[in-house]
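Quick look at coords.cif (mmCIF, C-alpha atoms):
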```cif
data_model
#
loop_
_atom_site.group_PDB
_atom_site.id
_atom_site.type_symbol
_atom_site.label_atom_id
_atom_site.label_comp_id
_atom_site.auth_asym_id
_atom_site.auth_seq_id
_atom_site.Cartn_x
_atom_site.Cartn_y
_atom_site.Cartn_z
ATOM 1 C CA MET O 1 54.744 109.658 119.513
ATOM 2 C CA ASP O 2 53.282 113.104 119.010
ATOM 3 C CA ALA O 3 52.674 114.781 115.648
ATOM 4 C CA ALA O 4 55.790 116.967 115.806
ATOM 5 C CA GLN O 5 58.074 113.999 116.429
ATOM 6 C CA ALA O 6 56.344 111.927 113.733
ATOM 7 C CA LEU O 7 56.925 114.725 111.205
ATOM 8 C CA ALA O 8 60.548 115.137 112.303
ATOM 9 C CA ASP O 9 61.111 111.404 111.802
ATOM 10 C CA LEU O 10 59.366 111.557 108.419
ATOM 11 C CA THR O 11 61.529 114.355 107.059
ATOM 12 C CA GLU O 12 64.632 112.660 108.430
ATOM 13 C CA ILE O 13 63.989 109.331 106.679
ATOM 14 C CA SER O 14 62.377 110.617 103.484
ATOM 15 C CA SER O 15 64.648 112.965 101.573
ATOM 16 C CA GLN O 16 62.022 113.327 98.833
ATOM 17 C CA ILE O 17 59.472 115.067 101.068
ATOM 18 C CA GLU O 18 59.878 118.833 101.028
ATOM 19 C CA ALA O 19 56.944 119.787 103.278
ATOM 20 C CA ALA O 20 54.213 117.938 105.177
ATOM 21 C CA VAL O 21 51.060 118.794 107.118
ATOM 22 C CA LEU O 22 49.203 116.447 109.487
ATOM 23 C CA PHE O 23 45.525 117.201 110.020
ATOM 24 C CA ASP O 24 42.296 115.621 111.210
ATOM 25 C CA GLU O 25 39.066 114.912 109.309
ATOM 26 C CA GLY O 26 37.750 118.365 110.168
ATOM 27 C CA GLY O 27 40.831 120.058 108.709
ATOM 28 C CA ALA O 28 42.430 121.052 112.027
ATOM 29 C CA VAL O 29 46.216 121.051 111.717
ATOM 30 C CA LEU O 30 47.883 118.631 114.138
ATOM 31 C CA GLY O 31 51.426 119.377 113.022
ATOM 32 C CA SER O 32 53.364 120.832 110.132
ATOM 33 C CA THR O 33 56.857 121.278 108.751
ATOM 34 C CA LEU O 34 55.812 124.690 107.413
ATOM 35 C CA ALA O 35 56.889 127.765 109.364
ATOM 36 C CA ASN O 36 53.682 129.655 108.536
ATOM 37 C CA GLU O 37 50.627 128.410 110.444
ATOM 38 C CA GLY O 38 48.239 130.004 107.929
ATOM 39 C CA ALA O 39 49.935 128.199 105.053
ATOM 40 C CA ALA O 40 49.677 124.892 106.939
ATOM 41 C CA GLN O 41 45.950 125.461 107.472
ATOM 42 C CA GLU O 42 45.434 126.231 103.770
ATOM 43 C CA VAL O 43 47.329 123.075 102.745
ATOM 44 C CA ALA O 44 45.132 121.026 105.103
ATOM 45 C CA ARG O 45 41.941 122.533 103.654
ATOM 46 C CA ALA O 46 43.076 122.055 100.049
ATOM 47 C CA ALA O 47 44.236 118.480 100.660
ATOM 48 C CA GLY O 48 40.953 117.612 102.379
ATOM 49 C CA ARG O 49 39.005 119.035 99.435
ATOM 50 C CA LEU O 50 41.189 117.088 97.027
ATOM 51 C CA LEU O 51 40.379 113.808 98.805
ATOM 52 C CA ASP O 52 36.681 114.658 98.923
ATOM 53 C CA ARG O 53 36.535 115.633 95.237
ATOM 54 C CA ALA O 54 38.412 112.512 94.170
ATOM 55 C CA GLY O 55 35.989 110.419 96.225
ATOM 56 C CA ALA O 56 33.067 111.898 94.295
ATOM 57 C CA PHE O 57 34.202 109.917 91.247
ATOM 58 C CA ARG O 58 33.889 106.585 93.052
ATOM 59 C CA SER O 59 30.596 104.748 93.295
ATOM 60 C CA GLU O 60 31.469 103.220 96.675
ATOM 61 C CA GLY O 61 34.138 103.662 99.309
ATOM 62 C CA SER O 62 36.500 106.583 99.643
ATOM 63 C CA PHE O 63 40.018 107.383 98.587
ATOM 64 C CA THR O 64 42.719 106.547 101.084
ATOM 65 C CA GLN O 65 45.595 107.978 99.071
ATOM 66 C CA LEU O 66 46.249 110.062 96.007
ATOM 67 C CA GLU O 67 49.031 111.790 94.138
ATOM 68 C CA ALA O 68 48.768 114.825 91.891
ATOM 69 C CA SER O 69 51.837 115.682 89.866
ATOM 70 C CA THR O 70 53.139 118.489 87.691
ATOM 71 C CA ALA O 71 56.490 119.030 86.012
ATOM 72 C CA ASP O 72 57.637 120.917 89.145
ATOM 73 C CA GLY O 73 56.669 118.311 91.741
ATOM 74 C CA SER O 74 53.948 116.248 93.355
ATOM 75 C CA VAL O 75 51.383 116.508 96.125
ATOM 76 C CA PHE O 76 50.516 113.384 98.096
ATOM 77 C CA VAL O 77 47.539 112.971 100.421
ATOM 78 C CA VAL O 78 46.969 109.916 102.624
ATOM 79 C CA ARG O 79 44.042 109.156 104.939
ATOM 80 C CA ASP O 80 44.176 106.704 107.842
ATOM 81 C CA GLU O 81 41.232 106.522 110.215
ATOM 82 C CA GLY O 82 40.651 110.058 111.556
ATOM 83 C CA ARG O 83 43.996 111.495 110.458
ATOM 84 C CA ARG O 84 45.343 112.726 107.165
ATOM 85 C CA ILE O 85 48.692 113.870 105.888
ATOM 86 C CA ALA O 86 49.571 115.973 102.857
ATOM 87 C CA ALA O 87 53.112 116.263 101.537
ATOM 88 C CA THR O 88 54.927 117.884 98.656
ATOM 89 C CA THR O 89 57.931 116.576 96.750
ATOM 90 C CA GLY O 90 60.113 117.667 93.894
ATOM 91 C CA PRO O 91 59.696 116.249 90.388
ATOM 92 C CA ALA O 92 59.769 112.482 89.734
ATOM 93 C CA PRO O 93 59.488 111.121 93.296
ATOM 94 C CA THR O 94 59.515 107.394 94.041
ATOM 95 C CA VAL O 95 55.740 107.226 94.480
ATOM 96 C CA GLY O 96 55.502 103.911 96.334
ATOM 97 C CA LEU O 97 58.192 104.915 98.798
ATOM 98 C CA VAL O 98 56.582 108.292 99.517
ATOM 99 C CA PHE O 99 53.205 106.624 100.164
ATOM 100 C CA TYR O 100 54.888 104.078 102.447
ATOM 101 C CA ASP O 101 56.652 106.820 104.433
ATOM 102 C CA LEU O 102 53.451 108.858 104.798
ATOM 103 C CA LYS O 103 51.456 105.842 105.986
ATOM 104 C CA SER O 104 54.204 104.983 108.478
ATOM 105 C CA CYS O 105 54.101 108.540 109.795
ATOM 106 C CA LEU O 106 50.338 108.310 110.376
ATOM 107 C CA ARG O 107 50.697 104.948 112.145
ATOM 108 C CA ASN O 108 53.430 106.300 114.437
ATOM 109 C CA ILE O 109 51.300 109.110 115.857
ATOM 110 C CA ASP O 110 50.048 108.356 119.354
ATOM 111 C CA GLU O 111 52.057 105.150 119.378
ATOM 112 C CA PRO O 112 53.863 105.033 122.696
ATOM 113 C CA THR O 113 57.573 105.711 122.512
ATOM 114 C CA LYS O 114 59.502 102.634 123.526
ATOM 115 C CA PRO O 115 61.235 103.273 126.837
ATOM 116 C CA LYS O 116 64.945 102.675 126.987
ATOM 117 C CA ARG O 117 65.850 99.544 128.830
ATOM 118 C CA PRO O 118 67.837 100.136 131.985
ATOM 119 C CA ARG O 119 71.504 99.383 131.665
ATOM 120 C CA ARG O 120 72.575 96.215 133.416
ATOM 121 C CA LYS O 121 75.189 96.595 136.038
ATOM 122 C CA LYS O 122 78.415 94.795 135.326
ATOM 123 C CA ALA O 123 80.280 93.025 138.087
ATOM 124 C CA ASP O 124 82.911 95.806 137.961
ATOM 125 C CA ASP O 125 80.213 98.490 138.568
ATOM 126 C CA GLU O 126 79.234 96.985 141.930
ATOM 127 C CA THR O 127 82.537 97.564 143.674
#
```
Translate this structure into structure tokens?
Amino acid sequence: MDAAQALADLTEISSQIEAAVLFDEGGAVLGSTLANEGAAQEVARAAGRLLDRAGAFRSEGSFTQLEASTADGSVFVVRDEGRRIAATTGPAPTVGLVFYDLKSCLRNIDEPTKPKRPRRKKADDET
């Protein structure tokens, strides 16, 4: 599945997510729900910096997920291998569910779409 389809599926199943940006380790945007490409790039840069800064407080390893919240909403960032995703929500999201949905979105990228099985012919169709 490509990035655009993964994001479409994400926003369809997760009503809490208002906007999302998929990007790589270098900050290049792979896909976004934002209409403005410049805004998507800025979100990717800011989210990447947020992960890097949070990682500076750890003695070993790196952050794979984080949430920053305010009274107006939350920002979530998840890292999986070479890809990252940042998403915004309204206030008081179900944190575990949002993280689950974001991780699922990352796993679904580049996963082959299952082909539809051919329909079996019924005995009546052969006449």
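Taken over the shown file, the PyMOL selection byres ((chain O and resi 27) around 10) identifies O:Leu22, O:Phe23, O:Asp24, O:Glu25, O:Gly26, O:Ala28, O:Val29, O:Leu30, O:Gln41, O:Glu42, O:Val43, O:Ala44, O:Arg45, O:Ala46, O:Ala47, O:Gly48, O:Arg49, O:Arg83, O:Arg84.
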Convert the current residue selection to file output with C-alpha atoms, as a short mmCIF file (atom, residue, chain, number, x, y, z; two decimals), in the coordinates of the input.
```cif
data_model
loop_
_atom_site.label_atom_id
_atom_site.label_comp_id
_atom_site.auth_asym_id
_atom_site.auth_seq_id
_atom_site.Cartn_x
_atom_site.Cartn_y
_atom_site.Cartn_z
CA LEU O 22 49.20 116.45 109.49
CA PHE O 23 45.52 117.20 110.02
CA ASP O 24 42.30 115.62 111.21
CA GLU O 25 39.07 114.91 109.31
CA GLY O 26 37.75 118.36 110.17
CA ALA O 28 42.43 121.05 112.03
CA VAL O 29 46.22 121.05 111.72
CA LEU O 30 47.88 118.63 114.14
CA GLN O 41 45.95 125.46 107.47
CA GLU O 42 45.43 126.23 103.77
CA VAL O 43 47.33 123.08 102.74
CA ALA O 44 45.13 121.03 105.10
CA ARG O 45 41.94 122.53 103.65
CA ALA O 46 43.08 122.06 100.05
CA ALA O 47 44.24 118.48 100.66
CA GLY O 48 40.95 117.61 102.38
CA ARG O 49 39.01 119.04 99.44
CA ARG O 83 44.00 111.50 110.46
CA ARG O 84 45.34 112.73 107.16
#
```
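Using all atoms listed in the file, the shortest contact distance between Glu81 in chain O and any of O:Thr94, O:Ser69, O:Thr64, O:Gln16 is found at O:Thr64.
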Resolved residues for the PyMOL selection byres ((chain O and resi 3) around 9) as a PyMOL selection string: chain O and resi 1-2+4-8+22+30-32+105-106+108-110
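We find CA of Ala20 in chain O and CA of Thr88 in chain O to be spaced 6.6 Å apart.
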Specify as a PyMOL selection string each residue included when the PyMOL selection byres ((chain O and resi 89-92) around 8) is applied to this file. chain O and resi 16-19+69-75+87-88+93-94
Taking all atoms listed in the file into account, name the residue in O:Leu50, O:Thr33, O:Arg79, O:Leu66 that is nearest to Leu10 in chain O. O:Thr33
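Going from CA of Lys103 in chain O to CA of Ala86 in chain O covers 10.8 Å.
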Of the candidates O:Leu97, O:Gly38, O:Phe63, O:Asp9, which one gets nearest to Val78 in chain O if we count all atoms listed in the file? O:Phe63
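Coordinates place CA of Arg58 in chain O at a distance of 25.3 Å from CA of Val21 in chain O.
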